[in-house]
Amino acid sequence: MTAIGFAWRSLVRQPARAALGILGVAAVGALLFDMLLLSRGLIVSMQDLLDRGGWDVRVSAGELPSSGLRIPNAIDTADAISRLPSVQAALVVRTASVQIDRASGQPIRASFQGVATRSTDPAGSRLRAPWTILRGRDAEGPNEVVIDEKLASESRLEPGGTITMRASCVADLEALPAIRLTVVGVAEFPFQSTNESTTGGTFDALQAACGGNVGSEADLMLVTSKGDADGTAAAIRALRPEIRAATNTEVVGRLQQTGFTYFRQISSVLTTVTVSFAVLLITVLLTVSVNQRLGEIAALRALGFSRMRVVKDVLSESALIVGIGGLLSLPLGLLLASGLDRILKGMPGIPVALHFFVFERQTLAVHVALLVATAIIAALYPMRIVSTLPIAATLRDEVIG
Amino acid sequence: MRPRPLVRLLVVLGVWLVPALVSAQDTNPPDVLVSRQLAESEGLTVGSVVRLSTDAAGTHAREFRIAGIYEPTPDPSRLGQVPRSVRLHLPDLLEMTRPVDVPAGAEYVSSVNVALVDPKDADQFAGDVNARLPGVLALPSGQAAGSAGPFRVLERFHLAIAVVTIIAATVFLLALTIMLVDERRETVGVLRLIGLPVRRILAQILLEGLLVAGVGAVFGLILAVLSEQLINHFFQWRYDTALVFVRITKDVALTCVSIAVPLGASATVVASWALLRRGGLRLARR
């Protein structure tokens, strides 16, 4: 009988303790798997979110696009950027706070993204705004807007309807006259957070909503290169040294150093704690189990089982407990991750499409590697016990005891 | 609450610090405070004269004298951002940031903090301001502290992780107690044979369980207190902040003990129960 077969029989002989050991490993393994998913989840998700729109360089006034600073002379700057040989198109994005009146109930607070494309390239001029149309069509005229699903359901609006909005374009507490706009589509805004509503339209529509009180500043500029994002970002920085241009990868890198670092740190701490916890408990389980079977093991040695063979039996038992528990930990971990993701997405300002826990093959590989290491390390002490077991003395103690 | 000598306006990124120090001039430049982090990174000291401008090009820069270096109030919502900030008197800031077409006194400020004689009047006062000053939003401080939101979410997240950890620990604990109780099968059998009733043995096991769980809980608390310092030092160093990340309060310690001790004792009793239902002879049999 192989060592694995023998270890399996040892486990089956005491089903309660084996089942509890496996369940314990499954629970700890699920937590470990989740912490590994969390360690890179935000980075992967954010990179995916940034790449999804097709804009590979982001231009802003601050270190990060969400810094709150505005790019001065944005339209002129976008014109200059779009004339760079490596640029396909540049999109100016200006955001304003708006209140949308309803027939009954409190007005809805939302943000209005006004966009303007600048391109000397025929392909670039056809590039769309940074949202995805779900129903209807994109806003093109100065009196047209697209709205998100949340706003559509709260206001019972569909393409063809009209909304009345009051914008605050320079200061949050401005009270501008109301303007009526036609809803031409329902769109998905990738960076929209769970607790806000968003509308979008052309820069002219924003100008109209703001009563012309927009100025020439923009919150963000999105640029599509002709393939060389790094070169394009460098060219923009050389063209306008006072503004920041970063590729999507660079933006993610900066976020990694600031906003996302907490989750990486907490995931590292919890991964270490979880693995240590698992090693300690499996070591204790195996050690107690081996200590209870010392007579049996000594008898097997006396019958001809080699030292290596009994060591392999203990290692196999550890591998079986950790292996089965580890397998169970995967679905459990995914289930737990979806619950934890829902909790964390309750944070204000987190985009709906952003996920904290993202599955990657390399995460699975690290999880498996950590579990294998756990099984081996946890088995070291009990393996030492069985390998140094004095056969005759143990058998005599068993008989006398 | 007394009004502060310096208006608490945080100038973040809007005002660029021109790093070149300039020599003190005949006229006394106005005072500013700089954050410890900014002072450390730029080598600024109290008494130095610096030039501040509203743009990176340094146009219309003005001289200021550093009157002090302050430790910024830890702000959880700015975790990861090193607070390189300067505090100016409000008139100095408005002088620098006022657009050319805006007359003095008509500038925009983002918020005004009001200290009431009786803090209990906050709701009433906010309501009165909102009714009398259209376009101004007044909120009691408790409602205005929106930045606490992310940390309430983190609290729920950590609670969820704690629940999973407790479940895992309980399962392991049950497995361990089953093994430990099984190891004492013969002793329990002998006790039954010499006439000790099941209830008496169970009480003894429960007491043992309570003792072991109590010692374990105390050991866990000591470990937590030691790791509290370690974790706080690490994260405070990592983020250059005075924020406290882990705090073992009396409530937290009591909650841990009130979960750990009954859990440990219950696991011992549950694991023993199956054993005690067997007859003494069967238990004592080798």
# chains A, B, ... in the order shown; residues from 1 in each chain; ligands from 1
call {"tool": "residues_around", "arguments": {"residues": "Ile166 in chain B", "least_positions_apart": "4", "cutoff": "9 Å", "atoms": "only C-alpha atoms", "output": "list in words"}}
result
Ile161, Ala162, Thr170, Val171, Ile259 and Ala260 of chain B
call {"tool": "closest_atom_pairs", "arguments": {"of": "chain A", "to": "chain B", "cutoff": "8 Å", "atoms": "only C-alpha atoms", "output": "tab-separated table"}}
result
residue	atom	partner	partner_atom	distance
A:Ala16	CA	B:Ala175	CA	7.6
A:Arg17	CA	B:Ala175	CA	5.0
A:Ala18	CA	B:Ala175	CA	7.8
A:Leu20	CA	B:Ala175	CA	5.3
A:Gly21	CA	B:Ala175	CA	6.1
A:Leu23	CA	B:Val171	CA	6.8
A:Gly24	CA	B:Ala168	CA	5.0
A:Val25	CA	B:Ala168	CA	7.6
A:Ala27	CA	B:Ala168	CA	5.1
A:Val28	CA	B:Ala168	CA	5.9
A:Leu31	CA	B:Val164	CA	7.3
A:Gly62	CA	B:Leu13	CA	7.8
A:Leu69	CA	B:Gly14	CA	7.6
A:Leu173	CA	B:Gly135	CA	5.6
A:Glu174	CA	B:Gly135	CA	6.5
A:Ala175	CA	B:Gly135	CA	6.4
A:Glu242	CA	B:Ala56	CA	6.9
A:Gln257	CA	B:Gly80	CA	7.2
A:Thr258	CA	B:Gly80	CA	4.4
A:Gly259	CA	B:Gly80	CA	5.9
A:Thr261	CA	B:Gly80	CA	7.2
A:Tyr262	CA	B:Gly80	CA	7.7
A:Leu281	CA	B:Phe172	CA	6.9
A:Val284	CA	B:Leu176	CA	7.8
A:Leu285	CA	B:Leu176	CA	6.3
A:Val288	CA	B:Met179	CA	7.0
A:Ser289	CA	B:Met179	CA	7.3
A:Gln292	CA	B:Glu183	CA	6.9
A:Leu340	CA	B:Phe157	CA	6.4
A:Ile343	CA	B:Phe157	CA	6.2
A:Leu344	CA	B:Val153	CA	6.0
A:Gly346	CA	B:Val153	CA	6.3
A:Met347	CA	B:Pro150	CA	4.8
A:Pro348	CA	B:Pro150	CA	6.4
call {"tool": "residues_around", "arguments": {"residues": "Ile376 in chain A", "least_positions_apart": "3", "cutoff": "8 Å", "atoms": "only C-alpha atoms", "output": "PyMOL selection string"}}
result
chain A and resi 315+318-319+372-373+379-380
call {"tool": "write_last_selection", "arguments": {"atoms": "C-alpha atoms", "output": "compact mmCIF listing (two decimals), in the first residue's frame"}}
result
# COMPACT_ATOMS: atom_id res chain seq x y z
CA LEU A 315 3.81 13.73 5.40
CA SER A 318 -0.51 16.27 6.33
CA ALA A 319 -0.72 16.55 2.54
CA VAL A 372 2.24 23.00 -0.01
CA ALA A 373 4.73 24.85 2.21
CA ALA A 379 4.62 17.89 9.19
CA LEU A 380 8.27 18.55 10.13
call {"tool": "residues_around", "arguments": {"residues": "Phe219 in chain B", "least_positions_apart": "3", "cutoff": "12 Å", "atoms": "only C-alpha atoms", "output": "PyMOL selection string"}}
result
chain B and resi 212-216+222-226+253+256-257+260-261
call {"tool": "atom_distance", "arguments": {"atom1": "CA of Ala139 in chain A", "atom2": "CA of Phe112 in chain A"}}
result
12.3 Å
call {"tool": "select_by_dssp", "arguments": {"residues": "range 29-173 of chain B", "states": "strand (DSSP E or B)", "output": "VMD selection string"}}
result
chain B and resid 31 to 35 49 to 53 62 to 70 86 to 88
call {"tool": "write_last_selection", "arguments": {"atoms": "C-alpha atoms", "output": "compact mmCIF listing (two decimals), in the first residue's frame"}}
result
# COMPACT_ATOMS: atom_id res chain seq x y z
CA ASP B 31 3.86 84.15 9.32
CA VAL B 32 3.02 80.68 8.11
CA LEU B 33 3.11 77.23 9.62
CA VAL B 34 4.51 74.28 7.69
CA SER B 35 3.77 70.63 8.29
CA VAL B 49 11.74 82.88 4.93
CA VAL B 50 10.12 81.07 2.03
CA ARG B 51 8.39 82.22 -1.13
CA LEU B 52 4.93 80.88 -1.89
CA SER B 53 3.17 81.03 -5.20
CA ARG B 62 5.21 86.22 -1.88
CA GLU B 63 7.57 85.88 1.01
CA PHE B 64 6.50 84.31 4.28
CA ARG B 65 8.34 83.57 7.49
CA ILE B 66 7.98 80.13 9.02
CA ALA B 67 6.60 80.80 12.49
CA GLY B 68 6.31 77.16 13.43
CA ILE B 69 6.29 73.55 12.33
CA TYR B 70 3.17 71.57 13.15
CA VAL B 86 1.30 75.13 4.68
CA ARG B 87 -1.11 77.07 6.90
CA LEU B 88 -1.56 80.76 6.18
call {"tool": "residues_around", "arguments": {"residues": "Ala116 in chain A", "least_positions_apart": "3", "cutoff": "9 Å", "atoms": "only C-alpha atoms", "output": "JSON list (two decimals) with N, CA and C atoms, in the first residue's frame"}}
result
[["chain", "number", "residue", "atom", "x", "y", "z"],
["A", 75, "ILE", "N", -8.73, 73.58, -23.60],
["A", 75, "ILE", "CA", -9.05, 73.34, -25.01],
["A", 75, "ILE", "C", -7.81, 73.62, -25.88],
["A", 90, "ALA", "N", -7.34, 63.52, -28.41],
["A", 90, "ALA", "CA", -7.34, 63.99, -27.02],
["A", 90, "ALA", "C", -8.77, 64.36, -26.64],
["A", 91, "LEU", "N", -9.15, 63.99, -25.45],
["A", 91, "LEU", "CA", -10.51, 64.24, -25.00],
["A", 91, "LEU", "C", -10.46, 65.07, -23.72],
["A", 92, "VAL", "N", -11.11, 66.23, -23.76],
["A", 92, "VAL", "CA", -11.14, 67.11, -22.58],
["A", 92, "VAL", "C", -12.36, 66.73, -21.73],
["A", 93, "VAL", "N", -12.14, 66.54, -20.45],
["A", 93, "VAL", "CA", -13.25, 66.17, -19.55],
["A", 93, "VAL", "C", -13.37, 67.24, -18.46],
["A", 94, "ARG", "N", -14.54, 67.84, -18.35],
["A", 94, "ARG", "CA", -14.79, 68.80, -17.28],
["A", 94, "ARG", "C", -16.04, 68.33, -16.52],
["A", 129, "ALA", "N", -16.82, 59.17, -26.27],
["A", 129, "ALA", "CA", -16.65, 59.66, -24.90],
["A", 129, "ALA", "C", -16.35, 58.48, -23.95],
["A", 201, "GLY", "N", -22.33, 64.57, -21.45],
["A", 201, "GLY", "CA", -22.72, 65.26, -22.69],
["A", 201, "GLY", "C", -21.51, 65.93, -23.29],
["A", 202, "THR", "N", -21.75, 66.76, -24.26],
["A", 202, "THR", "CA", -20.64, 67.46, -24.89],
["A", 202, "THR", "C", -20.20, 68.62, -24.01],
["A", 203, "PHE", "N", -19.03, 69.16, -24.34],
["A", 203, "PHE", "CA", -18.52, 70.32, -23.59],
["A", 203, "PHE", "C", -19.49, 71.49, -23.77],
["A", 204, "ASP", "N", -20.10, 71.57, -24.98],
["A", 204, "ASP", "CA", -21.07, 72.65, -25.24],
["A", 204, "ASP", "C", -22.29, 72.50, -24.33]]
